[in-house]
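What follows is a short report on a single structure.
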Amino acid sequence: METQAVALRPSLHSSVPCIQIPENHLVSVLPKIRTPTRLSLRIHYSSSHTLLSKRNIQCRNSVEIMDRQGVSDVEEEKPKPKLRRKNLAVFVSGGGSNFRSIYEATLNGSVHGDVVVLVASKHDCGGAEYARDKGIPVVVFPRRKDGQDVLSAEDLVITLRSYKVDFILLAGYLKLIPVQLVQAYPKSILNIHPSLLPAFGGKGYYGMKVHKAVIASGARYSGPTIHYVDEQYDTGRILAQRVVPVLANDTAEELAARVLHEVFHSYWEHKLYIEVVAALCEERITWREDGVPLIRSKEDPNDLF
């Protein structure tokens with residue numbers, strides 16, 4: 001059988017031997033080239049149909065080729081699973097400035113979650129009125145002044161579960177969280193306190209009373225603390241803090257304003273509570289072996305703070 005010689009142009013780095021291809025076959029058997037049992041050999045002719053460049057021969061093994069580290073040369077990156085938006089319940093007792101900040105953050109994309117229900121200790125407090133204006137369901141807990149029970153602790157748990165709540169955020173809620181709720185949502189309830197806990201915390205330490213106590217003590221520093229909620233007032237694990245100076249001639253109102261500034265306009269133009277809630281919804285909270293919660297940086301997962 002006559003064969004037609006196809007000239008191969010050598011490259012600058014190596015030479016390729018002449019390959020004889022029968023006229024009535026696309027590819028002949030290549031006895032000197034050892035290949036895996038299954039081999040795909042593609043030959044692309046040049047425009048003259050006589051010259052074949054070395055780069056035009058592509059051999060691909062059907063078995064995945066692994067490098068020395070056991071990683072495929074052609075392995076494709078697997079897409080990361082889409083992070084589910086978290087359902088948030090916010091608890092308030094007053095005007096709800098922190099609540100409003102959280103709600104706005106869910107709308108502008110800073111927090112990957114949604115406020116699905118507001119729990120208020122007063123039916124007519126500013127936070128409850130704001131929630132109703134925004135179409136957010138409002139639940140009153142616990143007892144009203146007339147002594148009528150709105151919800152029991154067990155009923156509150158059932159209600160929150162009906163809204164499929166993932167996390168509970170206290171934003172100026174002055175009542176002690178019932179044990180049933182703490183047990184139903186372990187490591188899922190956060191509170192913000194206007195002092196550097198564990199100092200100036202506990203029953204009776206809230207609002208302006210905290211700042212007055214800080215100034216009276218002679219403390220040189222104060223600041224907001226975000227912590228997990230347990231069965232007692234302000235004793236849960238600390239998650240984040242920011243420090244502000246206490247000036248020599250500070251009034252409680254001036255110190256409160258400085259602490260509030262750290263809550264809403266803290267370092268890197270982030271808001272402290274928003275930054276923590278964002279990490280919570282993005283599942284960036286990790287727990288150290290000794291039970292201390294830490295936050296993973298969004299930019300570098302190995303950076304903990």
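If you're wondering about the labels, chains in the structure tokens are A, B, ... by order shown, residues count from 1 in each chain, ligands from 1 in order shown.
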Could you list, with a cut-off of 12 Å and counting only C-alpha atoms, the residues of stretch 77-194 of chain A near stretch 234-243 of chain A, each shown with its nearest atom pair and the distance in Å rounded to one decimal, rows sorted by chain and ascending number, as a Markdown table?
| residue | atom | partner | partner_atom | distance |
| --- | --- | --- | --- | --- |
| A:Leu170 | CA | A:Asp234 | CA | 11.6 |
| A:Tyr173 | CA | A:Asp234 | CA | 12.0 |
| A:Leu174 | CA | A:Asp234 | CA | 11.1 |
| A:Lys175 | CA | A:Asp234 | CA | 11.6 |
| A:Leu176 | CA | A:Asp234 | CA | 9.7 |
| A:Ile177 | CA | A:Asp234 | CA | 10.9 |
| A:Val182 | CA | A:Gly236 | CA | 10.9 |
| A:Pro186 | CA | A:Gly236 | CA | 11.2 |
| A:Lys187 | CA | A:Arg237 | CA | 9.3 |
| A:Ser188 | CA | A:Gly236 | CA | 11.5 |
| A:Ile189 | CA | A:Gly236 | CA | 9.7 |
| A:Leu190 | CA | A:Leu239 | CA | 8.9 |
| A:Asn191 | CA | A:Asp234 | CA | 8.2 |
| A:Ile192 | CA | A:Asp234 | CA | 9.1 |
| A:His193 | CA | A:Asp234 | CA | 7.7 |
| A:Pro194 | CA | A:Gln241 | CA | 9.8 |
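Using only C-alpha atoms, the contacts of stretch 164-167 of chain A at a cut-off of 10 Å, with sequence neighbours closer than 4 positions omitted, comprise Arg85, Lys86, Asn87, Leu88, Ala89, Val90, Gly113, Asp114, Val115, Val116, Val117, Val157, Ile158, Thr159, Leu160, Tyr185, Pro186, Lys187, Ser188, Ile189, Leu190, Val277, Leu280 and Cys281 of chain A.
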**Request:** Go through A:Arg284, A:Lys212, A:Lys203, A:Arg84 and flag the residue nearest A:Glu254, using only C-alpha atoms for the distances.
**Result:** A:Lys212
**Message:** Env of A:Ala216: 12 Å cut, atoms = only C-alpha atoms, seq-sep filter 5 positions within chain, self excluded. Answer as a list in words.
**Reply:**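 Answer for this query is Phe200, Lys209, Val210, His211, Val246, Ala248, Asn249, Asp250, Thr251 and Ala252 of chain A.
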**Message:** I'd like to know which residues of stretch 82-283 of chain A are alpha helix (DSSP H) (by DSSP, run on the backbone); could you write them as a ChimeraX atom specification?
**Reply:** /A:97-108,126-133,153-162,179-184,208-217,252-264,272-281
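Distances here use only C-alpha atoms; by that measure, the residue among A:Ala199, A:Leu304, A:Val138, A:Leu272 closest to A:Tyr163 is A:Val138.
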**Asked** Using only C-alpha atoms, which residues sit within 12 Å of A:His123 once same-chain residues fewer than 4 positions away are excluded, as a list in words?
**Response** Val92, Ser93, Gly94, Gly95, Leu118, Val119, Gly127, Ala128, Glu129, Tyr130, Ala131, Arg132, Pro137, Val138, Val139, Val140, Phe141, Pro142, Arg143, Arg144, Lys145 and Val150 of chain A
**Request:** Select, from A:Tyr233, A:Tyr103, A:Phe91, A:Phe305, the residue with the minimum atom-to-atom distance to A:Tyr206, counting only C-alpha atoms.
**Result:**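 Once distances to A:Tyr206 are computed over only C-alpha atoms, the minimum belongs to A:Tyr233.
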**Request:** Report the distance between atom CA of A:His112 and atom CA of A:Ala278 in Å, rounded to one decimal place.
**Result:**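 Between atom CA of A:His112 and atom CA of A:Ala278 the gap is 6.4 Å.
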